[in-house]
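Here's model.cif, which has mmCIF, C-alpha atoms:
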```cif
data_my_file
loop_
_atom_site.group_PDB
_atom_site.id
_atom_site.type_symbol
_atom_site.label_atom_id
_atom_site.label_comp_id
_atom_site.auth_asym_id
_atom_site.auth_seq_id
_atom_site.Cartn_x
_atom_site.Cartn_y
_atom_site.Cartn_z
ATOM 1 C CA MET A 21 10.047 51.106 -54.034
ATOM 2 C CA ALA A 22 11.589 54.514 -54.762
ATOM 3 C CA ASP A 23 13.101 54.586 -51.280
ATOM 4 C CA SER A 24 14.846 51.268 -51.942
ATOM 5 C CA HIS A 25 16.336 52.573 -55.184
ATOM 6 C CA SER A 26 17.431 55.784 -53.478
ATOM 7 C CA ASP A 27 19.034 53.819 -50.663
ATOM 8 C CA ASP A 28 20.827 51.576 -53.178
ATOM 9 C CA LEU A 29 22.096 54.631 -55.065
ATOM 10 C CA ILE A 30 23.357 56.294 -51.897
ATOM 11 C CA GLN A 31 25.039 53.043 -50.833
ATOM 12 C CA ALA A 32 26.733 52.712 -54.219
ATOM 13 C CA LEU A 33 27.912 56.339 -54.255
ATOM 14 C CA VAL A 34 29.249 56.259 -50.680
ATOM 15 C CA SER A 35 30.974 52.934 -51.331
ATOM 16 C CA GLY A 36 32.492 54.240 -54.552
ATOM 17 C CA LEU A 37 33.681 57.447 -52.923
ATOM 18 C CA SER A 38 35.261 55.402 -50.120
ATOM 19 C CA GLY A 39 37.259 53.376 -52.640
ATOM 20 C CA SER A 40 38.272 56.564 -54.434
ATOM 21 C CA VAL A 41 39.437 58.274 -51.244
ATOM 22 C CA VAL A 42 41.557 55.283 -50.228
ATOM 23 C CA LEU A 43 43.065 55.045 -53.726
ATOM 24 C CA THR A 44 43.938 58.751 -53.713
ATOM 25 C CA LEU A 45 45.404 58.618 -50.190
ATOM 26 C CA VAL A 46 47.599 55.654 -51.122
ATOM 27 C CA HIS A 47 48.820 57.377 -54.297
ATOM 28 C CA GLN A 48 49.543 60.658 -52.568
ATOM 29 C CA THR A 49 51.302 59.027 -49.613
ATOM 30 C CA ALA A 50 53.395 56.661 -51.720
ATOM 31 C CA LYS A 51 54.655 59.383 -54.048
ATOM 32 C CA GLU A 52 56.385 60.880 -51.002
ATOM 33 C CA LEU A 53 57.893 57.556 -49.932
ATOM 34 C CA THR A 54 59.128 55.783 -53.060
ATOM 35 C CA PRO A 55 60.529 56.984 -56.380
ATOM 36 C CA ASP A 56 58.806 54.099 -58.205
ATOM 37 C CA ALA A 57 55.328 55.118 -57.044
ATOM 38 C CA PRO A 58 52.819 55.671 -59.840
ATOM 39 C CA ARG A 59 52.196 59.354 -60.476
ATOM 40 C CA MET A 60 48.593 59.370 -61.580
ATOM 41 C CA ASP A 61 48.422 63.007 -60.476
ATOM 42 C CA VAL A 62 50.952 63.848 -63.192
ATOM 43 C CA LEU A 63 48.857 61.974 -65.760
ATOM 44 C CA GLY A 64 45.771 63.832 -64.550
ATOM 45 C CA VAL A 65 47.390 67.238 -64.939
ATOM 46 C CA ARG A 66 48.663 66.281 -68.397
ATOM 47 C CA GLY A 67 45.176 65.116 -69.372
ATOM 48 C CA LEU A 68 43.572 68.300 -68.062
ATOM 49 C CA ARG A 69 46.052 70.473 -69.933
ATOM 50 C CA LYS A 70 45.533 68.476 -73.124
ATOM 51 C CA LEU A 71 41.734 68.832 -72.881
ATOM 52 C CA LEU A 72 41.956 72.560 -72.198
ATOM 53 C CA ALA A 73 44.342 73.040 -75.118
ATOM 54 C CA ALA A 74 41.989 71.141 -77.438
ATOM 55 C CA ALA A 75 39.135 73.387 -76.279
ATOM 56 C CA ASP A 76 41.334 76.459 -76.752
ATOM 57 C CA ALA A 77 40.659 77.291 -73.092
ATOM 58 C CA PRO A 78 43.089 79.102 -70.786
ATOM 59 C CA GLN A 79 45.586 76.977 -68.903
ATOM 60 C CA PRO A 80 45.454 77.154 -65.088
ATOM 61 C CA GLY A 81 48.523 77.579 -62.935
ATOM 62 C CA PRO A 82 50.263 74.502 -61.497
ATOM 63 C CA ARG A 83 48.465 74.513 -58.113
ATOM 64 C CA THR A 84 45.034 75.070 -59.686
ATOM 65 C CA ALA A 85 45.650 72.315 -62.250
ATOM 66 C CA TYR A 86 46.747 69.927 -59.496
ATOM 67 C CA ASN A 87 43.733 70.746 -57.289
ATOM 68 C CA ALA A 88 41.324 70.370 -60.200
ATOM 69 C CA THR A 89 42.914 67.039 -61.059
ATOM 70 C CA MET A 90 42.616 65.777 -57.482
ATOM 71 C CA ALA A 91 38.953 66.807 -57.317
ATOM 72 C CA GLY A 92 38.309 65.200 -60.706
ATOM 73 C CA ASP A 93 40.081 61.999 -59.660
ATOM 74 C CA LEU A 94 38.000 61.711 -56.505
ATOM 75 C CA LEU A 95 34.770 62.317 -58.414
ATOM 76 C CA VAL A 96 35.438 60.128 -61.450
ATOM 77 C CA ASN A 97 37.009 57.256 -59.517
ATOM 78 C CA GLY A 98 34.171 57.468 -56.999
ATOM 79 C CA LEU A 99 31.570 57.191 -59.742
ATOM 80 C CA TYR A 100 33.510 54.352 -61.352
ATOM 81 C CA TYR A 101 33.824 52.398 -58.101
ATOM 82 C CA SER A 102 30.122 52.976 -57.387
ATOM 83 C CA LEU A 103 29.511 50.357 -60.097
ATOM 84 C CA VAL A 104 30.474 47.814 -57.427
ATOM 85 C CA GLY A 105 26.870 48.100 -56.264
ATOM 86 C CA SER A 106 25.639 45.821 -53.500
ATOM 87 C CA GLY A 107 25.092 42.161 -52.770
ATOM 88 C CA PRO A 108 27.513 39.306 -52.243
ATOM 89 C CA ASP A 109 28.952 39.680 -55.753
ATOM 90 C CA ALA A 110 30.248 43.153 -54.816
ATOM 91 C CA TRP A 111 33.609 41.577 -53.917
ATOM 92 C CA TRP A 112 34.015 40.143 -57.419
ATOM 93 C CA ARG A 113 32.839 43.353 -59.074
ATOM 94 C CA GLY A 114 35.182 45.414 -56.895
ATOM 95 C CA ALA A 115 38.154 43.225 -57.760
ATOM 96 C CA ALA A 116 37.305 43.173 -61.466
ATOM 97 C CA LEU A 117 36.720 46.935 -61.655
ATOM 98 C CA GLY A 118 39.940 47.588 -59.747
ATOM 99 C CA VAL A 119 42.068 45.320 -61.930
ATOM 100 C CA ALA A 120 40.514 46.797 -65.083
ATOM 101 C CA ALA A 121 41.228 50.354 -63.905
ATOM 102 C CA GLY A 122 44.784 49.455 -62.905
ATOM 103 C CA VAL A 123 45.569 47.759 -66.206
ATOM 104 C CA GLY A 124 44.023 50.723 -67.998
ATOM 105 C CA GLY A 125 46.195 53.055 -65.937
ATOM 106 C CA VAL A 126 49.288 51.206 -67.132
ATOM 107 C CA VAL A 127 48.312 50.609 -70.763
ATOM 108 C CA LEU A 128 46.316 53.679 -71.843
ATOM 109 C CA PRO A 129 48.410 56.779 -70.999
ATOM 110 C CA GLY A 130 50.927 56.200 -73.816
ATOM 111 C CA PRO A 131 48.342 55.795 -76.595
ATOM 112 C CA LEU A 132 46.416 58.772 -75.190
ATOM 113 C CA GLY A 133 49.500 60.950 -75.577
ATOM 114 C CA LEU A 134 50.056 61.406 -71.845
ATOM 115 C CA GLY A 135 53.396 59.596 -71.638
ATOM 116 C CA ASP A 136 54.283 56.226 -70.161
ATOM 117 C CA GLY A 137 56.524 57.228 -67.264
ATOM 118 C CA PRO A 138 54.044 58.118 -64.528
ATOM 119 C CA SER A 139 52.433 54.665 -64.422
ATOM 120 C CA ASN A 140 54.671 52.478 -66.534
ATOM 121 C CA ARG A 141 58.321 53.325 -65.834
ATOM 122 C CA THR A 142 59.322 50.211 -63.852
ATOM 123 C CA PRO A 143 57.794 46.790 -63.165
ATOM 124 C CA GLN A 144 57.217 47.988 -59.588
ATOM 125 C CA THR A 145 55.342 51.057 -60.845
ATOM 126 C CA LYS A 146 53.096 48.887 -63.012
ATOM 127 C CA LEU A 147 52.432 46.483 -60.148
ATOM 128 C CA MET A 148 51.620 49.300 -57.714
ATOM 129 C CA THR A 149 49.269 50.891 -60.248
ATOM 130 C CA VAL A 150 47.246 47.698 -60.667
ATOM 131 C CA ALA A 151 47.392 46.811 -56.969
ATOM 132 C CA TRP A 152 46.224 50.206 -55.758
ATOM 133 C CA TYR A 153 43.308 50.445 -58.167
ATOM 134 C CA THR A 154 42.356 46.922 -57.122
ATOM 135 C CA LEU A 155 42.542 48.039 -53.490
ATOM 136 C CA GLY A 156 40.154 50.896 -54.311
ATOM 137 C CA GLY A 157 37.673 48.441 -55.823
ATOM 138 C CA LEU A 158 37.935 46.140 -52.824
ATOM 139 C CA VAL A 159 37.446 49.017 -50.393
ATOM 140 C CA ALA A 160 34.316 50.015 -52.309
ATOM 141 C CA ALA A 161 33.101 46.412 -52.122
ATOM 142 C CA GLY A 162 33.911 46.188 -48.410
ATOM 143 C CA VAL A 163 32.019 49.381 -47.601
ATOM 144 C CA SER A 164 29.096 48.197 -49.695
ATOM 145 C CA ARG A 165 28.975 44.833 -47.906
ATOM 146 C CA TRP A 166 29.307 46.525 -44.511
ATOM 147 C CA TRP A 167 26.439 48.871 -45.459
ATOM 148 C CA SER A 168 24.264 45.942 -46.569
ATOM 149 C CA ASN A 169 24.946 44.036 -43.359
ATOM 150 C CA ALA A 170 24.346 47.101 -41.195
ATOM 151 C CA ALA A 171 20.986 47.663 -42.902
ATOM 152 C CA LYS A 172 19.764 44.176 -41.941
#
```

Could you render the structure from this file as C-alpha cells?
Amino acid sequence: MADSHSDDLIQALVSGLSGSVVLTLVHQTAKELTPDAPRMDVLGVRGLRKLLAAADAPQPGPRTAYNATMAGDLLVNGLYYSLVGSGPDAWWRGAALGVAAGVGGVVLPGPLGLGDGPSNRTPQTKLMTVAWYTLGGLVAAGVSRWWSNAAK
C-alpha cells in the first residue's frame, strides 16, 4: 500500500512540475515577443522584495532576485499543479486549477500591493494570464493521464 501512495505522490509531483515548467517557458518566451505579455516575473520580484522588507532582511541584487523568483515560481506552481492528481477527473481539476490561478494572477496583485500592470494592463494581458495558467493545469493533467496509462 505504501508503494502505491509513493507512486501516486511522485506522479502528482512530476505532473505538477511539468505544468509549472511549461507555464514558465511560455511566460519567459512571450515577454520577449509581445509587449502585452503578462510579466509574472516582475510580480514575483516585487513580492520577494516586499517579503524581505517586511522581515527586515537584506535585499538581493536584481539578478539574484530574478533567479530566486524563477526558482520559487517553478517550485510553488509545481506544488500547486500537483493537486491535479491522477484519474480521469485530472483534466477537470487541471482546467479548474489553471483558471483559478490565472484569475488570481489578474485580480490579486493590486490588492496585495504589487501593482496591476504586470498582469492586468490590457485585455490581452489578462487573457494571456488566464490562458497560460490554464495551459499549465492542462499540461499537468495530460502528464498525469499519460503516466496513469503508461503504468497500466

List the neighbours of Leu94 in chain A out to 8 Å using only C-alpha atoms; skip same-chain residues closer than 5 positions along the sequence, and give me the result as a list of chain:residue names. A:Leu37, A:Ser40, A:Val41, A:Thr44

Pull C-alpha atoms from the residues just selected and write them as a short mmCIF file (atom, residue, chain, number, x, y, z; two decimals), keeping the file's coordinate frame.
```
data_model
loop_
_atom_site.label_atom_id
_atom_site.label_comp_id
_atom_site.auth_asym_id
_atom_site.auth_seq_id
_atom_site.Cartn_x
_atom_site.Cartn_y
_atom_site.Cartn_z
CA LEU A 37 33.68 57.45 -52.92
CA SER A 40 38.27 56.56 -54.43
CA VAL A 41 39.44 58.27 -51.24
CA THR A 44 43.94 58.75 -53.71
#
```

Quiz item: Can you list, as number ranges by chain, the residues that the PyMOL selection byres ((chain A and resi 33) around 12) selects here?
Solution: A: 26-32, 34-40, 94-106, 160-161, 163-164, 167

For the file shown, what are the residues hit by the PyMOL selection byres ((chain A and resi 86-91) around 9), laid out as an MDAnalysis selection string? chainID A and resid 44 61:62 64:65 67:68 81:85 92:96

Just the number, please: distance in Å from CA of Gln144 in chain A to CA of Thr49 in chain A, one decimal.
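For CA of Gln144 in chain A relative to CA of Thr49 in chain A, the distance reads 16.0 Å.
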
Computed interatomic separation between CA of Leu72 in chain A and CA of Ala57 in chain A (Å):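 So the two atoms, CA of Leu72 in chain A and CA of Ala57 in chain A, lie 26.7 Å apart.
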
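Residues matched by the PyMOL selection byres ((chain A and resi 58) around 8) in this file: His47, Lys51, Asp56, Ala57, Arg59, Met60, Pro138, Ser139, Asn140, Thr145, Lys146, Met148 and Thr149 of chain A.
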
- request: Give me, please, the distance in Å between CA of Gly114 in chain A and CA of Leu71 in chain A, quoted to one decimal.
  value: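 Here the two named atoms are 29.1 Å from each other.
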
query: Taking all atoms listed in the file into account, which of A:Gly156, A:Gly162, A:Pro108, A:Pro55 comes nearest Ala121 in chain A?
result: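 Smallest separation from Ala121 in chain A among the options: A:Gly156.
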
From A:Ala73, A:Arg66, A:Val46, A:Arg165, residue lying nearest Gly130 in chain A [all atoms listed in the file]: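 Closest candidate: A:Arg66.
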
Across A:Gln79, A:Gly157, A:Trp152, A:Gly135, the smallest distance to Leu117 in chain A, with all atoms listed in the file counted, is shown by A:Gly157

Might I get the box with edges along x, y and z of the file that holds all atoms of range 139-147 of chain A listed there, padded by 3 Å on every side, given as centre and edge lengths in Å to one decimal, as AutoDock Vina command-line options?
```
--center_x 55.9 --center_y 50.6 --center_z -63.1 --size_x 12.9 --size_y 14.2 --size_z 12.9
```

Using only C-alpha atoms, the best pick from A:Ala74, A:Leu158, A:Arg141, A:Arg69 as closest to Val119 in chain A would be A:Leu158

Query raised in the report: So which one's closest to Gly118 in chain A, A:Asp136, A:Ala75, A:Gln48, A:Leu43? Using only C-alpha atoms, please.
Result: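 With only C-alpha atoms as the atom set, the closest residue is A:Leu43.
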